[in-house]
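Structure record follows, encoded as C-alpha cells.
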Amino acid sequence: MLFLFAASSSLRYPKYSPFSAFLALSSLLTGFTHRLWKQNFVMALSFEVLGRFNRARAAQLTLPHFVCQTPLFMPVGTQGTIKGLTTNQLEEIGCQIILGNTYHLALRPTSELIDELGGLHKFMNWPRALLTDSGGFQMVSLLHLADITEKGVTFQSPVDGKPMLLTPEESIQIQNRIGADIIMALDDVVKTTITGPRIEEAMYRTLRWIDRCIAAHKRPHEQNLFGIVQGGLDPVLRDICVRGLVDRNLPGYVYFPSMNSVHVQGQNVIGLNSIQPFRIYAIGGLAGGEDKDSFWRVVAQCTAALPEDKPRYVMGVGYPLDIVVCSALGADMYDCVYPTRTARFGTALVPEGVLKLKHKAMADDTRPIDPTCACMVCKNYTRAYIHCLVTKDAMGSQLLSYHNLYYMMQFSRNLHSSIIEGRFPEFVCDFLQKMFPKGDVPEWVCNAMEVAGIDISSCCAPCPSSQD
C-alpha cells in the first residue's frame, strides 16, 4: 500500500521534499520486508472448497508437505508405521496423510530422538503430510493407567511402569518436536456412553486446555493446531464448546492466491497481502460405542455450527458407511485403525461390505477379493491363496492391509469427484444399493440423509421420516 501511495504521490510532492524522501524510504522498507518474508515465512495451511452438494463439499487442503483432496481418510500409523506396509506402497495407493500417536511416539523412540534425526517425516521416510494426535485418546483407552487432573494426565508407562505427566504444554512441545503438518490440542476425552457431570467437566476443561495449547505452540507457521469439539451427546454442551473454539483465534493462517505468491506442489498458495487468521476444527468424543442415531446427530449439529470455510475432522471414524453419512453432513477428514486392524483378522473391505477370508468357503475360491478393484492384490492373488495365508502367514494380513487401504483411498477419491461433478446423490445411492441390496438401509442413515438433503428413495425401501 505504501508503495502504491508513493507512486501516486510522486507528481504532487517536490522531488527532494522531506515527505517524498519519507515515501521513498517506506517503499524501500516495504520491498525489503516482502523479500525477507518470502524467504523465511512458511505456509501452514490453505483450504479451498471446490464443489458442493447441499451440505457435502469437496475441497483442496494445502499443507506444508502435500496438497490433499477432501473428503479424505487418514490411516493410523501409531508409531510412525502402517503395520506391514512401506511408505512407498502408501504413496502408490494414494495415501495423503498418515496419523501418528503422540503418546506412543513420546515413549518410544522419544520425540527428542525424532527431532534430532530431522523430524518424523525424515525418520519414517514419508514425503507427504502427517497428523499427530495429542495423546488425549489414551485417557480412555488406557484409563486404568491414567489419572486426570486440571494440570494434565498422568500415565503409568506401559513400557517401564514409570509415571508420565502429559500436560497441554508438554503435548504441544512433543508435537512441535515430531514436526507433523497438523497437530491436535490436548483435550479431556471421556467415553460418549458416560453421562452426568463428568461430561460437562471434560468439555470446559477442554476449552481451558486449548488456551494453554495455543500459548505453548512454537511453530504456528509450519504446523496447524486443531481444536477439538467435546461435549458428549449433549447438544447444549456441544454448542458451548463449538462457540468457545470459534471465538478463539487459533495459531495458523489461511492463504489465498495473490500476485505475490510462492508455489507448493505447483499451487499458488501464499499471498503477502492475504494472510487471515485461520481456525481449524475437529469433532471428538465419538465412535466410542454410542448409538448411531446419536452419532450422526452430533456430527450434523457440529458441522452446521462450524465455519463454512474451515476443514472439519471427525475423529476415529473409519467405516465407509459412516464416512458417506458424515460427508453428506459436511465433514471433510476422517481417521481410524479399522481398515488395517480388520485386515489382520482376515477381513477385506468390498463394495458389498466385508469379505471374511478365513471362512472355509474361501478355500477354493479362485476369484480376486473384489473383481472391480484395480489394486495389485486383486490383480495378482485369489481369495483361496489369501485364505491360506491369513490362517498361517503374516503375508496375508499385509496383502489385506494393502487392499483395504487402497479401497479407502479410492473410496475417498470417488467421494471427492462425485461432489465436484455434481453426482453425489447418485454416488450415495450406488453405494447404498451395493451394501444393502434388499433396500434395508438402516433408519439412522435414512434420517441423516434426509437432514443432508440427499434423496435415497430410488435405492432403498421406504424409510421412516425423522419427523414422524
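Each chain in the C-alpha cells gets a letter, A, B and so on, in the order shown; residues start at 1 in every chain, and ligands are counted from 1 in the order they appear.
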
Exercise. Identify, on the basis of only C-alpha atoms, every residue whose closest approach to A:Ile386 does not exceed 10 Å; exclude the query and any residue fewer than 4 positions from it along the same chain; express the result as a PyMOL selection string.
Key: chain A and resi 346+357-358+362-363+365+368-369+377+381-382+390-393+395-397+399-400

Quick one: contact table of stretch 194-217 of chain A to stretch 165-180 of chain A, 12 Å max, nearest atom pair and distance in Å to one decimal per residue, counting only C-alpha atoms, chain and number order, as CSV?
residue,atom,partner,partner_atom,distance
A:Arg205,CA,A:Pro168,CA,10.8
A:Thr206,CA,A:Pro168,CA,9.7
A:Leu207,CA,A:Pro168,CA,11.2
A:Arg208,CA,A:Pro168,CA,9.7
A:Trp209,CA,A:Pro168,CA,6.1
A:Ile210,CA,A:Pro168,CA,7.7
A:Asp211,CA,A:Pro168,CA,9.0
A:Arg212,CA,A:Pro168,CA,6.2
A:Cys213,CA,A:Pro168,CA,5.4
A:Ile214,CA,A:Ile172,CA,8.7
A:Ala215,CA,A:Glu169,CA,8.1
A:Ala216,CA,A:Glu169,CA,5.4
A:His217,CA,A:Ile172,CA,6.0

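The space separating atom CA of A:Ile97 from atom CA of A:His221 comes to 18.6 Å.
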
Exercise. Compare A:Thr154, A:Asn54, A:Leu85, A:Asp335 by their minimum atom-to-atom distance to A:Leu130, counting only C-alpha atoms, and give me the closest one.
Key: A:Asp335

Practice problem: Find the residues near stretch 100-102 of chain A: any atom within 9 Å, counting only C-alpha atoms, skip ones fewer than 2 places away on the same chain, and give them as a ChimeraX atom specification. | Solution: /A:76-81,98,104-107,111,130-135,171,174-175,178,180

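Summary of the local environment: counting only C-alpha atoms, residues at most 9 Å from stretch 449-452 of chain A, other than itself and those fewer than 6 positions away along its chain, are A:Asn54, A:Arg55, A:Ala56, A:Ala300, A:Val325, A:Ala328, A:Leu329, A:Gly330, A:Ser465, A:Ser466.
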
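Between A:Glu308 and the residues A:Val445, A:Leu349, A:Val246, A:Cys429, the shortest atom-to-atom distance, using only C-alpha atoms, involves A:Val246.
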
Practice problem: Could you jot down the atom CA of A:Tyr334 to atom CA of A:His416 separation for me, Å, one decimal place? | Solution: 13.6 Å

Exercise. Write out as JSON, numbers by chain all residues of stretch 265-427 of chain A that DSSP puts in alpha helix (DSSP H) for this structure's backbone.
Key: {"A": [292, 293, 294, 295, 296, 297, 298, 299, 300, 301, 302, 303, 304, 305, 320, 321, 322, 323, 324, 325, 326, 327, 328, 338, 339, 340, 341, 342, 343, 344, 376, 377, 378, 379, 380, 383, 384, 385, 386, 387, 388, 389, 390, 394, 395, 396, 397, 398, 399, 400, 401, 402, 403, 404, 405, 406, 407, 408, 409, 410, 411, 412, 413, 414, 415, 416, 417, 418, 419, 420, 424, 425, 426, 427]}

Quiz item: Skipping near chain neighbours, those fewer than 6 positions away, what residues fall within 9 Å of A:Val324 using only C-alpha atoms, listed as a list in words?
Solution: Leu415, Val428 and Phe431 of chain A

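In this structure, atom CA of A:Phe345 sits 14.6 Å away from atom CA of A:Lys360.
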
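Every protein or nucleic acid residue with an atom no more than 12 Å from A:Gly244, counting only C-alpha atoms and leaving out same-chain residues fewer than 2 positions away, appears here: Met203, Tyr204, Arg205, Thr206, Leu207, Arg208, Trp209, Ile210, Asp211, Gly227, Ile228, Val229, Gln230, Gly231, Leu237, Arg238, Asp239, Ile240, Cys241, Val242, Val246, Asp247, Arg248, Asn249, Leu250, Arg279, Tyr281, Ala305 and Leu306 of chain A.
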
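The neighbours of A:Ala331 here are the residues that come within 6 Å of it, using only C-alpha atoms and leaving out any residue fewer than 2 positions away in the same chain; they are Arg312, Cys326 and Ser327 of chain A.
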
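In terms of minimum interatomic distance to A:Gly316, A:Met74 ranks closest within A:Ile194, A:Ile183, A:Leu225, A:Met74, counting only C-alpha atoms.
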